[in-house]
>>> print(open('coords23.cif').read())   # mmCIF, N, CA and C atoms
data_query
#
loop_
_atom_site.label_atom_id
_atom_site.label_comp_id
_atom_site.auth_asym_id
_atom_site.auth_seq_id
_atom_site.Cartn_x
_atom_site.Cartn_y
_atom_site.Cartn_z
N MET A 1 10.17 -19.62 175.49
CA MET A 1 8.83 -20.04 175.16
C MET A 1 8.32 -19.35 173.88
N ILE A 2 8.63 -18.06 173.75
CA ILE A 2 8.20 -17.31 172.57
C ILE A 2 8.87 -17.86 171.32
N VAL A 3 10.15 -18.23 171.44
CA VAL A 3 10.87 -18.80 170.30
C VAL A 3 10.21 -20.12 169.88
N LEU A 4 9.81 -20.92 170.82
CA LEU A 4 9.14 -22.18 170.52
C LEU A 4 7.81 -21.95 169.80
N ILE A 5 7.06 -20.97 170.24
CA ILE A 5 5.78 -20.65 169.60
C ILE A 5 6.01 -20.18 168.16
N ILE A 6 7.02 -19.35 167.97
CA ILE A 6 7.34 -18.88 166.62
C ILE A 6 7.74 -20.04 165.72
N LEU A 7 8.55 -20.96 166.25
CA LEU A 7 8.96 -22.13 165.47
C LEU A 7 7.77 -23.02 165.11
N VAL A 8 6.85 -23.20 166.03
CA VAL A 8 5.65 -24.01 165.76
C VAL A 8 4.79 -23.35 164.70
N VAL A 9 4.64 -22.04 164.77
CA VAL A 9 3.85 -21.31 163.77
C VAL A 9 4.50 -21.42 162.39
N LEU A 10 5.82 -21.27 162.33
CA LEU A 10 6.53 -21.40 161.05
C LEU A 10 6.42 -22.82 160.49
N LEU A 11 6.52 -23.81 161.34
CA LEU A 11 6.38 -25.20 160.91
C LEU A 11 4.96 -25.46 160.41
N ALA A 12 3.97 -24.94 161.10
CA ALA A 12 2.57 -25.10 160.67
C ALA A 12 2.34 -24.42 159.31
N ALA A 13 2.96 -23.26 159.10
CA ALA A 13 2.82 -22.56 157.81
C ALA A 13 3.48 -23.37 156.69
N ALA A 14 4.65 -23.95 156.96
CA ALA A 14 5.33 -24.77 155.95
C ALA A 14 4.50 -26.01 155.62
N VAL A 15 3.94 -26.66 156.62
CA VAL A 15 3.10 -27.84 156.38
C VAL A 15 1.85 -27.46 155.59
N ALA A 16 1.24 -26.32 155.93
CA ALA A 16 0.06 -25.85 155.20
C ALA A 16 0.40 -25.57 153.74
N ALA A 17 1.58 -24.97 153.49
CA ALA A 17 2.01 -24.70 152.11
C ALA A 17 2.23 -26.00 151.36
N LEU A 18 2.84 -26.98 152.00
CA LEU A 18 3.05 -28.29 151.36
C LEU A 18 1.73 -28.97 151.02
N VAL A 19 0.80 -28.93 151.94
CA VAL A 19 -0.51 -29.55 151.71
C VAL A 19 -1.24 -28.84 150.57
N TYR A 20 -1.21 -27.51 150.57
CA TYR A 20 -1.87 -26.75 149.50
C TYR A 20 -1.25 -27.06 148.14
N ARG A 21 0.08 -27.10 148.09
CA ARG A 21 0.77 -27.41 146.82
C ARG A 21 0.44 -28.82 146.36
N GLY A 22 0.42 -29.76 147.29
CA GLY A 22 0.07 -31.14 146.94
C GLY A 22 -1.34 -31.26 146.39
N LEU A 23 -2.28 -30.55 147.00
CA LEU A 23 -3.65 -30.58 146.50
C LEU A 23 -3.76 -29.91 145.14
N ALA A 24 -3.00 -28.84 144.92
CA ALA A 24 -3.02 -28.16 143.63
C ALA A 24 -2.46 -29.06 142.53
N LEU A 25 -1.42 -29.83 142.83
CA LEU A 25 -0.80 -30.70 141.83
C LEU A 25 -1.64 -31.95 141.57
N ARG A 26 -2.49 -32.33 142.53
CA ARG A 26 -3.35 -33.49 142.31
C ARG A 26 -4.40 -33.21 141.25
N GLY A 27 -4.60 -31.94 140.92
CA GLY A 27 -5.57 -31.55 139.90
C GLY A 27 -5.21 -32.03 138.51
N GLY A 28 -4.03 -32.55 138.33
CA GLY A 28 -3.63 -33.11 137.04
C GLY A 28 -2.66 -32.23 136.29
N GLY A 29 -2.16 -32.78 135.24
CA GLY A 29 -1.18 -32.11 134.41
C GLY A 29 -0.34 -33.15 133.71
N THR A 30 0.58 -32.70 132.91
CA THR A 30 1.47 -33.57 132.17
C THR A 30 2.84 -33.55 132.82
N PRO A 31 3.38 -34.71 133.20
CA PRO A 31 4.72 -34.73 133.78
C PRO A 31 5.75 -34.22 132.77
N ALA A 32 6.66 -33.40 133.25
CA ALA A 32 7.70 -32.83 132.38
C ALA A 32 8.93 -32.53 133.22
N ILE A 33 10.05 -32.42 132.52
CA ILE A 33 11.30 -31.97 133.14
C ILE A 33 11.72 -30.75 132.32
N LEU A 34 11.96 -29.64 132.99
CA LEU A 34 12.22 -28.38 132.29
C LEU A 34 13.44 -27.70 132.86
N ARG A 35 14.15 -26.98 132.01
CA ARG A 35 15.23 -26.13 132.50
C ARG A 35 15.31 -24.87 131.66
N VAL A 36 15.73 -23.80 132.31
CA VAL A 36 15.92 -22.51 131.66
C VAL A 36 17.34 -22.49 131.10
N LEU A 37 17.48 -22.04 129.88
CA LEU A 37 18.80 -21.95 129.25
C LEU A 37 19.35 -20.54 129.40
N PRO A 38 20.62 -20.33 129.41
CA PRO A 38 21.70 -21.28 129.22
C PRO A 38 22.07 -21.99 130.52
N GLN A 39 22.50 -23.23 130.41
CA GLN A 39 22.96 -24.03 131.54
C GLN A 39 24.26 -24.74 131.13
N HIS A 40 24.99 -25.18 132.11
CA HIS A 40 26.22 -25.91 131.85
C HIS A 40 25.94 -27.40 131.97
N ASP A 41 26.42 -28.16 131.01
CA ASP A 41 26.28 -29.62 131.01
C ASP A 41 24.83 -30.04 131.20
N CYS A 42 24.57 -30.88 132.19
CA CYS A 42 23.21 -31.39 132.39
C CYS A 42 22.59 -30.83 133.67
N SER A 43 23.00 -29.66 134.09
CA SER A 43 22.46 -29.08 135.33
C SER A 43 21.22 -28.25 135.05
N GLY A 44 20.47 -27.97 136.09
CA GLY A 44 19.33 -27.08 135.99
C GLY A 44 17.99 -27.72 135.69
N TRP A 45 17.94 -29.04 135.52
CA TRP A 45 16.67 -29.70 135.22
C TRP A 45 15.78 -29.72 136.45
N ARG A 46 14.49 -29.42 136.27
CA ARG A 46 13.51 -29.43 137.35
C ARG A 46 12.33 -30.30 136.96
N HIS A 47 11.98 -31.24 137.81
CA HIS A 47 10.82 -32.11 137.60
C HIS A 47 9.56 -31.35 137.98
N GLY A 48 8.49 -31.59 137.23
CA GLY A 48 7.24 -30.93 137.55
C GLY A 48 6.11 -31.34 136.64
N LEU A 49 5.07 -30.52 136.64
CA LEU A 49 3.89 -30.74 135.81
C LEU A 49 3.66 -29.51 134.95
N ILE A 50 3.21 -29.75 133.71
CA ILE A 50 2.79 -28.64 132.88
C ILE A 50 1.29 -28.73 132.66
N ARG A 51 0.69 -27.58 132.54
CA ARG A 51 -0.73 -27.49 132.23
C ARG A 51 -0.89 -26.51 131.08
N TYR A 52 -1.76 -26.88 130.17
CA TYR A 52 -2.00 -26.05 129.00
C TYR A 52 -3.23 -25.17 129.21
N GLY A 53 -3.07 -23.89 128.97
CA GLY A 53 -4.20 -22.97 128.99
C GLY A 53 -4.46 -22.48 127.58
N ASP A 54 -5.41 -21.58 127.44
CA ASP A 54 -5.69 -21.03 126.13
C ASP A 54 -4.51 -20.21 125.61
N ASP A 55 -3.87 -19.45 126.49
CA ASP A 55 -2.81 -18.53 126.06
C ASP A 55 -1.43 -18.85 126.63
N THR A 56 -1.36 -19.67 127.67
CA THR A 56 -0.09 -19.91 128.33
C THR A 56 0.08 -21.37 128.73
N LEU A 57 1.33 -21.76 128.81
CA LEU A 57 1.71 -23.04 129.40
C LEU A 57 2.25 -22.68 130.78
N VAL A 58 1.78 -23.36 131.81
CA VAL A 58 2.29 -23.11 133.15
C VAL A 58 3.01 -24.35 133.65
N PHE A 59 4.10 -24.13 134.37
CA PHE A 59 4.93 -25.20 134.90
C PHE A 59 4.95 -25.11 136.41
N TYR A 60 4.65 -26.24 137.05
CA TYR A 60 4.68 -26.35 138.50
C TYR A 60 5.85 -27.26 138.88
N LYS A 61 6.85 -26.73 139.60
CA LYS A 61 7.93 -27.57 140.10
C LYS A 61 7.40 -28.47 141.21
N LEU A 62 7.85 -29.70 141.23
CA LEU A 62 7.42 -30.61 142.29
C LEU A 62 8.01 -30.23 143.64
N SER A 63 9.16 -29.59 143.64
CA SER A 63 9.85 -29.29 144.89
C SER A 63 9.65 -27.85 145.36
N SER A 64 8.62 -27.19 144.89
CA SER A 64 8.39 -25.79 145.24
C SER A 64 7.25 -25.66 146.24
N LEU A 65 7.29 -24.63 147.05
CA LEU A 65 6.21 -24.33 147.99
C LEU A 65 5.36 -23.16 147.50
N ARG A 66 5.68 -22.64 146.35
CA ARG A 66 4.95 -21.50 145.80
C ARG A 66 3.49 -21.88 145.56
N PRO A 67 2.54 -21.02 145.92
CA PRO A 67 1.13 -21.37 145.75
C PRO A 67 0.68 -21.45 144.29
N GLY A 68 1.29 -20.69 143.40
CA GLY A 68 0.90 -20.70 142.00
C GLY A 68 1.97 -21.36 141.15
N PRO A 69 1.84 -21.24 139.83
CA PRO A 69 2.85 -21.84 138.94
C PRO A 69 4.20 -21.16 139.10
N ASP A 70 5.25 -21.94 138.85
CA ASP A 70 6.61 -21.42 138.96
C ASP A 70 7.07 -20.73 137.69
N MET A 71 6.45 -21.04 136.57
CA MET A 71 6.86 -20.46 135.31
C MET A 71 5.66 -20.40 134.35
N ARG A 72 5.61 -19.35 133.55
CA ARG A 72 4.59 -19.20 132.52
C ARG A 72 5.29 -18.95 131.19
N ILE A 73 4.82 -19.62 130.15
CA ILE A 73 5.36 -19.43 128.80
C ILE A 73 4.18 -19.11 127.89
N SER A 74 4.29 -18.01 127.17
CA SER A 74 3.21 -17.57 126.29
C SER A 74 3.08 -18.48 125.08
N ARG A 75 1.87 -18.87 124.76
CA ARG A 75 1.60 -19.76 123.64
C ARG A 75 1.94 -19.10 122.30
N GLN A 76 1.65 -17.82 122.18
CA GLN A 76 1.87 -17.13 120.90
C GLN A 76 3.34 -17.03 120.57
N GLY A 77 4.22 -16.97 121.57
CA GLY A 77 5.64 -16.77 121.30
C GLY A 77 6.45 -18.04 121.19
N ILE A 78 5.87 -19.20 121.44
CA ILE A 78 6.64 -20.45 121.46
C ILE A 78 7.06 -20.86 120.06
N GLU A 79 8.35 -21.13 119.93
CA GLU A 79 8.91 -21.71 118.71
C GLU A 79 9.77 -22.90 119.12
N VAL A 80 9.54 -24.04 118.53
CA VAL A 80 10.36 -25.22 118.80
C VAL A 80 11.52 -25.18 117.82
N SER A 81 12.74 -24.98 118.33
CA SER A 81 13.88 -24.82 117.44
C SER A 81 14.61 -26.12 117.14
N SER A 82 14.58 -27.08 118.06
CA SER A 82 15.23 -28.36 117.79
C SER A 82 14.71 -29.42 118.76
N ARG A 83 15.05 -30.66 118.47
CA ARG A 83 14.73 -31.76 119.36
C ARG A 83 15.91 -32.72 119.38
N ARG A 84 16.09 -33.39 120.52
CA ARG A 84 17.22 -34.30 120.67
C ARG A 84 16.89 -35.36 121.71
N ALA A 85 17.72 -36.39 121.74
CA ALA A 85 17.62 -37.43 122.76
C ALA A 85 18.47 -37.01 123.97
N PRO A 86 18.19 -37.55 125.14
CA PRO A 86 19.01 -37.22 126.31
C PRO A 86 20.46 -37.69 126.12
N THR A 87 21.38 -36.92 126.65
CA THR A 87 22.79 -37.31 126.60
C THR A 87 23.05 -38.39 127.65
N ALA A 88 24.24 -38.95 127.62
CA ALA A 88 24.61 -39.99 128.60
C ALA A 88 24.56 -39.43 130.02
N ALA A 89 24.95 -38.18 130.19
CA ALA A 89 24.93 -37.58 131.53
C ALA A 89 23.51 -37.35 132.02
N GLU A 90 22.56 -37.15 131.10
CA GLU A 90 21.17 -36.91 131.48
C GLU A 90 20.38 -38.20 131.66
N SER A 91 20.96 -39.33 131.33
CA SER A 91 20.24 -40.59 131.38
C SER A 91 19.90 -41.03 132.80
N ASP A 92 20.54 -40.47 133.80
CA ASP A 92 20.21 -40.85 135.18
C ASP A 92 18.90 -40.22 135.66
N ILE A 93 18.44 -39.15 135.00
CA ILE A 93 17.16 -38.54 135.38
C ILE A 93 16.09 -38.70 134.31
N MET A 94 16.46 -39.29 133.17
CA MET A 94 15.51 -39.46 132.07
C MET A 94 15.60 -40.86 131.49
N THR A 95 14.50 -41.34 130.95
CA THR A 95 14.49 -42.65 130.31
C THR A 95 14.79 -42.50 128.82
N GLU A 96 14.90 -43.66 128.13
CA GLU A 96 15.25 -43.65 126.70
C GLU A 96 14.15 -43.07 125.82
N ASP A 97 12.90 -43.16 126.26
CA ASP A 97 11.79 -42.70 125.41
C ASP A 97 11.51 -41.21 125.55
N ILE A 98 12.35 -40.50 126.28
CA ILE A 98 12.20 -39.05 126.46
C ILE A 98 12.79 -38.32 125.25
N VAL A 99 12.09 -37.26 124.84
CA VAL A 99 12.58 -36.37 123.79
C VAL A 99 12.73 -34.99 124.41
N ILE A 100 13.84 -34.35 124.14
CA ILE A 100 14.10 -33.01 124.67
C ILE A 100 13.87 -32.00 123.56
N LEU A 101 12.95 -31.07 123.80
CA LEU A 101 12.65 -30.02 122.84
C LEU A 101 13.29 -28.72 123.29
N ASP A 102 13.93 -28.04 122.39
CA ASP A 102 14.50 -26.73 122.65
C ASP A 102 13.46 -25.71 122.21
N ILE A 103 12.92 -24.97 123.16
CA ILE A 103 11.86 -24.01 122.82
C ILE A 103 12.31 -22.60 123.17
N VAL A 104 11.84 -21.67 122.38
CA VAL A 104 12.15 -20.27 122.56
C VAL A 104 10.84 -19.51 122.58
N ASP A 105 10.71 -18.59 123.51
CA ASP A 105 9.59 -17.65 123.45
C ASP A 105 10.17 -16.26 123.57
N GLY A 106 9.34 -15.26 123.62
CA GLY A 106 9.83 -13.89 123.66
C GLY A 106 10.68 -13.58 124.87
N ASP A 107 10.48 -14.30 125.97
CA ASP A 107 11.18 -13.99 127.22
C ASP A 107 12.44 -14.81 127.46
N GLY A 108 12.58 -15.94 126.81
CA GLY A 108 13.76 -16.75 127.08
C GLY A 108 13.78 -18.05 126.31
N SER A 109 14.80 -18.84 126.62
CA SER A 109 14.98 -20.15 126.00
C SER A 109 14.89 -21.23 127.06
N TYR A 110 14.29 -22.35 126.68
CA TYR A 110 14.07 -23.45 127.61
C TYR A 110 14.33 -24.77 126.90
N GLU A 111 14.59 -25.79 127.69
CA GLU A 111 14.55 -27.15 127.21
C GLU A 111 13.49 -27.87 128.02
N ILE A 112 12.66 -28.63 127.35
CA ILE A 112 11.62 -29.38 128.03
C ILE A 112 11.72 -30.83 127.60
N ALA A 113 11.76 -31.72 128.57
CA ALA A 113 11.88 -33.16 128.32
C ALA A 113 10.52 -33.81 128.53
N LEU A 114 10.02 -34.47 127.50
CA LEU A 114 8.70 -35.08 127.53
C LEU A 114 8.77 -36.49 126.95
N ASP A 115 7.85 -37.37 127.39
CA ASP A 115 7.76 -38.68 126.75
C ASP A 115 7.03 -38.50 125.42
N SER A 116 6.93 -39.57 124.64
CA SER A 116 6.39 -39.43 123.28
C SER A 116 4.95 -38.94 123.25
N GLY A 117 4.10 -39.41 124.15
CA GLY A 117 2.71 -38.96 124.18
C GLY A 117 2.60 -37.50 124.58
N ALA A 118 3.37 -37.09 125.58
CA ALA A 118 3.36 -35.71 126.03
C ALA A 118 3.94 -34.78 124.97
N LYS A 119 4.95 -35.27 124.24
CA LYS A 119 5.54 -34.47 123.16
C LYS A 119 4.51 -34.20 122.07
N THR A 120 3.74 -35.24 121.72
CA THR A 120 2.70 -35.07 120.70
C THR A 120 1.65 -34.07 121.16
N ALA A 121 1.24 -34.15 122.43
CA ALA A 121 0.26 -33.21 122.96
C ALA A 121 0.81 -31.79 122.96
N PHE A 122 2.06 -31.63 123.35
CA PHE A 122 2.67 -30.30 123.39
C PHE A 122 2.75 -29.69 121.99
N LEU A 123 3.24 -30.47 121.03
CA LEU A 123 3.37 -29.96 119.67
C LEU A 123 2.01 -29.65 119.06
N SER A 124 1.01 -30.46 119.36
CA SER A 124 -0.35 -30.18 118.87
C SER A 124 -0.88 -28.89 119.47
N TRP A 125 -0.63 -28.68 120.76
CA TRP A 125 -1.09 -27.46 121.42
C TRP A 125 -0.42 -26.23 120.80
N VAL A 126 0.89 -26.34 120.53
CA VAL A 126 1.61 -25.21 119.93
C VAL A 126 1.12 -24.95 118.51
N GLU A 127 0.99 -26.01 117.71
CA GLU A 127 0.63 -25.84 116.30
C GLU A 127 -0.83 -25.42 116.11
N SER A 128 -1.68 -25.68 117.08
CA SER A 128 -3.09 -25.32 116.93
C SER A 128 -3.41 -23.94 117.49
N ARG A 129 -2.40 -23.19 117.86
CA ARG A 129 -2.66 -21.85 118.40
C ARG A 129 -3.27 -20.98 117.31
N PRO A 130 -4.15 -20.10 117.70
CA PRO A 130 -4.73 -19.19 116.71
C PRO A 130 -3.68 -18.19 116.23
N SER A 131 -3.81 -17.78 115.00
CA SER A 131 -2.86 -16.81 114.48
C SER A 131 -3.12 -15.46 115.15
N GLY A 132 -2.14 -14.59 115.08
CA GLY A 132 -2.28 -13.26 115.67
C GLY A 132 -3.39 -12.46 115.02
N ARG A 133 -3.65 -12.72 113.76
CA ARG A 133 -4.70 -11.99 113.05
C ARG A 133 -6.08 -12.38 113.55
N SER A 134 -6.25 -13.64 113.92
CA SER A 134 -7.58 -14.06 114.37
C SER A 134 -7.90 -13.56 115.77
N GLN A 135 -6.90 -13.04 116.46
CA GLN A 135 -7.13 -12.52 117.80
C GLN A 135 -7.74 -11.13 117.79
N ARG A 136 -7.57 -10.41 116.69
CA ARG A 136 -8.14 -9.06 116.61
C ARG A 136 -9.64 -9.14 116.39
N ARG A 137 -10.33 -8.24 117.01
CA ARG A 137 -11.78 -8.20 116.87
C ARG A 137 -12.18 -6.98 116.08
N ARG A 138 -13.15 -7.17 115.23
CA ARG A 138 -13.66 -6.05 114.44
C ARG A 138 -14.70 -5.29 115.24
N PRO A 139 -14.69 -3.97 115.12
CA PRO A 139 -15.77 -3.21 115.80
C PRO A 139 -17.07 -3.41 115.04
N TYR A 140 -18.14 -3.51 115.76
CA TYR A 140 -19.46 -3.72 115.13
C TYR A 140 -20.19 -2.44 114.93
#
>>> encode(input="coords23.cif", output="structure tokens")
Amino acid sequence: MIVLIILVVLLAAAVAALVYRGLALRGGGTPAILRVLPQHDCSGWRHGLIRYGDDTLVFYKLSSLRPGPDMRISRQGIEVSSRRAPTAAESDIMTEDIVILDIVDGDGSYEIALDSGAKTAFLSWVESRPSGRSQRRRPY
């Protein structure tokens, strides 16, 4: 009987986590497919949503139960090093209008797959970041 109660409590916790994650993702974001580099062939891609903040980009995996974002990338450190079209092996999870950007920040390297509208929004967000000099405040 105790084992059954424990299983019911664990199942209720998992359902509550799923509901919470679903409600958090309903708040909006930009659909994206992201992977941390280095990877072999076309493995490691994760579907999710990205949200832009003032200082960070946050990524929420669709298949995660984590209450917060699964990954954070600092806006100041992002450099887009290259862009490419999906390979033939990646075409089963991506459409033809997807562009894959290779991005590097201080903590690591990533590939992010976005459609043309999302790519434009991402590049605008990166390019409009304030310079490091404008972040310093003068004492009054």
>>> atom_distance(input="coords23.cif", atom1="CA of Pro67 (chain A)", atom2="CA of Ile6 (chain A)")
21.9 Å
>>> resolve_selection(input="coords23.cif", expression="the PyMOL selection byres (((chain A and resi 118-129 and name CA) around 10) and name CA)", output="list in words")
Thr30, Pro31, Ala32, Ile50, Arg51, Tyr52, Gly53, Asp54, Asp55, Leu57, Arg75, Gln76, Gly77, Ile78, Glu79, Val80, Ile98, Val99, Ile100, Leu101, Ile112, Ala113, Leu114, Asp115, Ser116, Gly117, Pro130, Ser131 and Gly132 of chain A
>>> write_last_selection(input="coords23.cif", atoms="N, CA and C atoms", output="short mmCIF file (atom, residue, chain, number, x, y, z; two decimals), keeping the file's coordinate frame")
data_model
loop_
_atom_site.label_atom_id
_atom_site.label_comp_id
_atom_site.auth_asym_id
_atom_site.auth_seq_id
_atom_site.Cartn_x
_atom_site.Cartn_y
_atom_site.Cartn_z
N THR A 30 0.58 -32.70 132.91
CA THR A 30 1.47 -33.57 132.17
C THR A 30 2.84 -33.55 132.82
N PRO A 31 3.38 -34.71 133.20
CA PRO A 31 4.72 -34.73 133.78
C PRO A 31 5.75 -34.22 132.77
N ALA A 32 6.66 -33.40 133.25
CA ALA A 32 7.70 -32.83 132.38
C ALA A 32 8.93 -32.53 133.22
N ILE A 50 3.21 -29.75 133.71
CA ILE A 50 2.79 -28.64 132.88
C ILE A 50 1.29 -28.73 132.66
N ARG A 51 0.69 -27.58 132.54
CA ARG A 51 -0.73 -27.49 132.23
C ARG A 51 -0.89 -26.51 131.08
N TYR A 52 -1.76 -26.88 130.17
CA TYR A 52 -2.00 -26.05 129.00
C TYR A 52 -3.23 -25.17 129.21
N GLY A 53 -3.07 -23.89 128.97
CA GLY A 53 -4.20 -22.97 128.99
C GLY A 53 -4.46 -22.48 127.58
N ASP A 54 -5.41 -21.58 127.44
CA ASP A 54 -5.69 -21.03 126.13
C ASP A 54 -4.51 -20.21 125.61
N ASP A 55 -3.87 -19.45 126.49
CA ASP A 55 -2.81 -18.53 126.06
C ASP A 55 -1.43 -18.85 126.63
N LEU A 57 1.33 -21.76 128.81
CA LEU A 57 1.71 -23.04 129.40
C LEU A 57 2.25 -22.68 130.78
N ARG A 75 1.87 -18.87 124.76
CA ARG A 75 1.60 -19.76 123.64
C ARG A 75 1.94 -19.10 122.30
N GLN A 76 1.65 -17.82 122.18
CA GLN A 76 1.87 -17.13 120.90
C GLN A 76 3.34 -17.03 120.57
N GLY A 77 4.22 -16.97 121.57
CA GLY A 77 5.64 -16.77 121.30
C GLY A 77 6.45 -18.04 121.19
N ILE A 78 5.87 -19.20 121.44
CA ILE A 78 6.64 -20.45 121.46
C ILE A 78 7.06 -20.86 120.06
N GLU A 79 8.35 -21.13 119.93
CA GLU A 79 8.91 -21.71 118.71
C GLU A 79 9.77 -22.90 119.12
N VAL A 80 9.54 -24.04 118.53
CA VAL A 80 10.36 -25.22 118.80
C VAL A 80 11.52 -25.18 117.82
N ILE A 98 12.35 -40.50 126.28
CA ILE A 98 12.20 -39.05 126.46
C ILE A 98 12.79 -38.32 125.25
N VAL A 99 12.09 -37.26 124.84
CA VAL A 99 12.58 -36.37 123.79
C VAL A 99 12.73 -34.99 124.41
N ILE A 100 13.84 -34.35 124.14
CA ILE A 100 14.10 -33.01 124.67
C ILE A 100 13.87 -32.00 123.56
N LEU A 101 12.95 -31.07 123.80
CA LEU A 101 12.65 -30.02 122.84
C LEU A 101 13.29 -28.72 123.29
N ILE A 112 12.66 -28.63 127.35
CA ILE A 112 11.62 -29.38 128.03
C ILE A 112 11.72 -30.83 127.60
N ALA A 113 11.76 -31.72 128.57
CA ALA A 113 11.88 -33.16 128.32
C ALA A 113 10.52 -33.81 128.53
N LEU A 114 10.02 -34.47 127.50
CA LEU A 114 8.70 -35.08 127.53
C LEU A 114 8.77 -36.49 126.95
N ASP A 115 7.85 -37.37 127.39
CA ASP A 115 7.76 -38.68 126.75
C ASP A 115 7.03 -38.50 125.42
N SER A 116 6.93 -39.57 124.64
CA SER A 116 6.39 -39.43 123.28
C SER A 116 4.95 -38.94 123.25
N GLY A 117 4.10 -39.41 124.15
CA GLY A 117 2.71 -38.96 124.18
C GLY A 117 2.60 -37.50 124.58
N PRO A 130 -4.15 -20.10 117.70
CA PRO A 130 -4.73 -19.19 116.71
C PRO A 130 -3.68 -18.19 116.23
N SER A 131 -3.81 -17.78 115.00
CA SER A 131 -2.86 -16.81 114.48
C SER A 131 -3.12 -15.46 115.15
N GLY A 132 -2.14 -14.59 115.08
CA GLY A 132 -2.28 -13.26 115.67
C GLY A 132 -3.39 -12.46 115.02
#
>>> atom_distance(input="coords23.cif", atom1="atom C of Val3 (chain A)", atom2="atom N of Val15 (chain A)")
16.1 Å
>>> resolve_selection(input="coords23.cif", expression="the PyMOL selection byres (((chain A and resi 65 and name CA) around 10) and name CA)", output="list in words")
Ala14, Val15, Ala16, Ala17, Leu18, Val19, Tyr20, Arg21, Gly22, Tyr60, Lys61, Leu62, Ser63, Ser64, Arg66, Pro67, Gly68, Pro69 and Asp70 of chain A
>>> write_last_selection(input="coords23.cif", atoms="N, CA and C atoms", output="CSV table (one decimal), in the coordinates of the input")
chain,number,residue,atom,x,y,z
A,14,ALA,N,4.6,-24.0,157.0
A,14,ALA,CA,5.3,-24.8,156.0
A,14,ALA,C,4.5,-26.0,155.6
A,15,VAL,N,3.9,-26.7,156.6
A,15,VAL,CA,3.1,-27.8,156.4
A,15,VAL,C,1.8,-27.5,155.6
A,16,ALA,N,1.2,-26.3,155.9
A,16,ALA,CA,0.1,-25.8,155.2
A,16,ALA,C,0.4,-25.6,153.7
A,17,ALA,N,1.6,-25.0,153.5
A,17,ALA,CA,2.0,-24.7,152.1
A,17,ALA,C,2.2,-26.0,151.4
A,18,LEU,N,2.8,-27.0,152.0
A,18,LEU,CA,3.0,-28.3,151.4
A,18,LEU,C,1.7,-29.0,151.0
A,19,VAL,N,0.8,-28.9,151.9
A,19,VAL,CA,-0.5,-29.6,151.7
A,19,VAL,C,-1.2,-28.8,150.6
A,20,TYR,N,-1.2,-27.5,150.6
A,20,TYR,CA,-1.9,-26.8,149.5
A,20,TYR,C,-1.2,-27.1,148.1
A,21,ARG,N,0.1,-27.1,148.1
A,21,ARG,CA,0.8,-27.4,146.8
A,21,ARG,C,0.4,-28.8,146.4
A,22,GLY,N,0.4,-29.8,147.3
A,22,GLY,CA,0.1,-31.1,146.9
A,22,GLY,C,-1.3,-31.3,146.4
A,60,TYR,N,4.6,-26.2,137.0
A,60,TYR,CA,4.7,-26.4,138.5
A,60,TYR,C,5.8,-27.3,138.9
A,61,LYS,N,6.8,-26.7,139.6
A,61,LYS,CA,7.9,-27.6,140.1
A,61,LYS,C,7.4,-28.5,141.2
A,62,LEU,N,7.8,-29.7,141.2
A,62,LEU,CA,7.4,-30.6,142.3
A,62,LEU,C,8.0,-30.2,143.6
A,63,SER,N,9.2,-29.6,143.6
A,63,SER,CA,9.8,-29.3,144.9
A,63,SER,C,9.6,-27.8,145.4
A,64,SER,N,8.6,-27.2,144.9
A,64,SER,CA,8.4,-25.8,145.2
A,64,SER,C,7.2,-25.7,146.2
A,66,ARG,N,5.7,-22.6,146.4
A,66,ARG,CA,5.0,-21.5,145.8
A,66,ARG,C,3.5,-21.9,145.6
A,67,PRO,N,2.5,-21.0,145.9
A,67,PRO,CA,1.1,-21.4,145.8
A,67,PRO,C,0.7,-21.4,144.3
A,68,GLY,N,1.3,-20.7,143.4
A,68,GLY,CA,0.9,-20.7,142.0
A,68,GLY,C,2.0,-21.4,141.2
A,69,PRO,N,1.8,-21.2,139.8
A,69,PRO,CA,2.8,-21.8,138.9
A,69,PRO,C,4.2,-21.2,139.1
A,70,ASP,N,5.2,-21.9,138.8
A,70,ASP,CA,6.6,-21.4,139.0
A,70,ASP,C,7.1,-20.7,137.7
>>> select_by_dssp(input="coords23.cif", residues="chain A", states="strand (DSSP E)", output="count of residues only")
42
>>> atom_distance(input="coords23.cif", atom1="atom C of Asp105 (chain A)", atom2="atom C of Arg26 (chain A)")
28.5 Å
>>> resolve_selection(input="coords23.cif", expression="the PyMOL selection byres ((chain A and resi 107) around 8)", output="CSV table (one decimal) with N, CA and C atoms, in the frame of the given file")
chain,number,residue,atom,x,y,z
A,73,ILE,N,4.8,-19.6,130.2
A,73,ILE,CA,5.4,-19.4,128.8
A,73,ILE,C,4.2,-19.1,127.9
A,74,SER,N,4.3,-18.0,127.2
A,74,SER,CA,3.2,-17.6,126.3
A,74,SER,C,3.1,-18.5,125.1
A,77,GLY,N,4.2,-17.0,121.6
A,77,GLY,CA,5.6,-16.8,121.3
A,77,GLY,C,6.4,-18.0,121.2
A,104,VAL,N,11.8,-21.7,122.4
A,104,VAL,CA,12.2,-20.3,122.6
A,104,VAL,C,10.8,-19.5,122.6
A,105,ASP,N,10.7,-18.6,123.5
A,105,ASP,CA,9.6,-17.6,123.4
A,105,ASP,C,10.2,-16.3,123.6
A,106,GLY,N,9.3,-15.3,123.6
A,106,GLY,CA,9.8,-13.9,123.7
A,106,GLY,C,10.7,-13.6,124.9
A,108,GLY,N,12.6,-15.9,126.8
A,108,GLY,CA,13.8,-16.8,127.1
A,108,GLY,C,13.8,-18.0,126.3
A,109,SER,N,14.8,-18.8,126.6
A,109,SER,CA,15.0,-20.2,126.0
A,109,SER,C,14.9,-21.2,127.1
A,110,TYR,N,14.3,-22.4,126.7
A,110,TYR,CA,14.1,-23.4,127.6
A,110,TYR,C,14.3,-24.8,126.9
>>> closest_residue(input="coords23.cif", among="A:Leu10, A:Met71, A:Ile2, A:Leu34", to="Glu111 (chain A)", atoms="all atoms listed in the file")
A:Leu34
>>> select_by_dssp(input="coords23.cif", residues="chain A", states="alpha helix (DSSP H)", output="ChimeraX atom specification")
/A:2-25,116-127,132-135
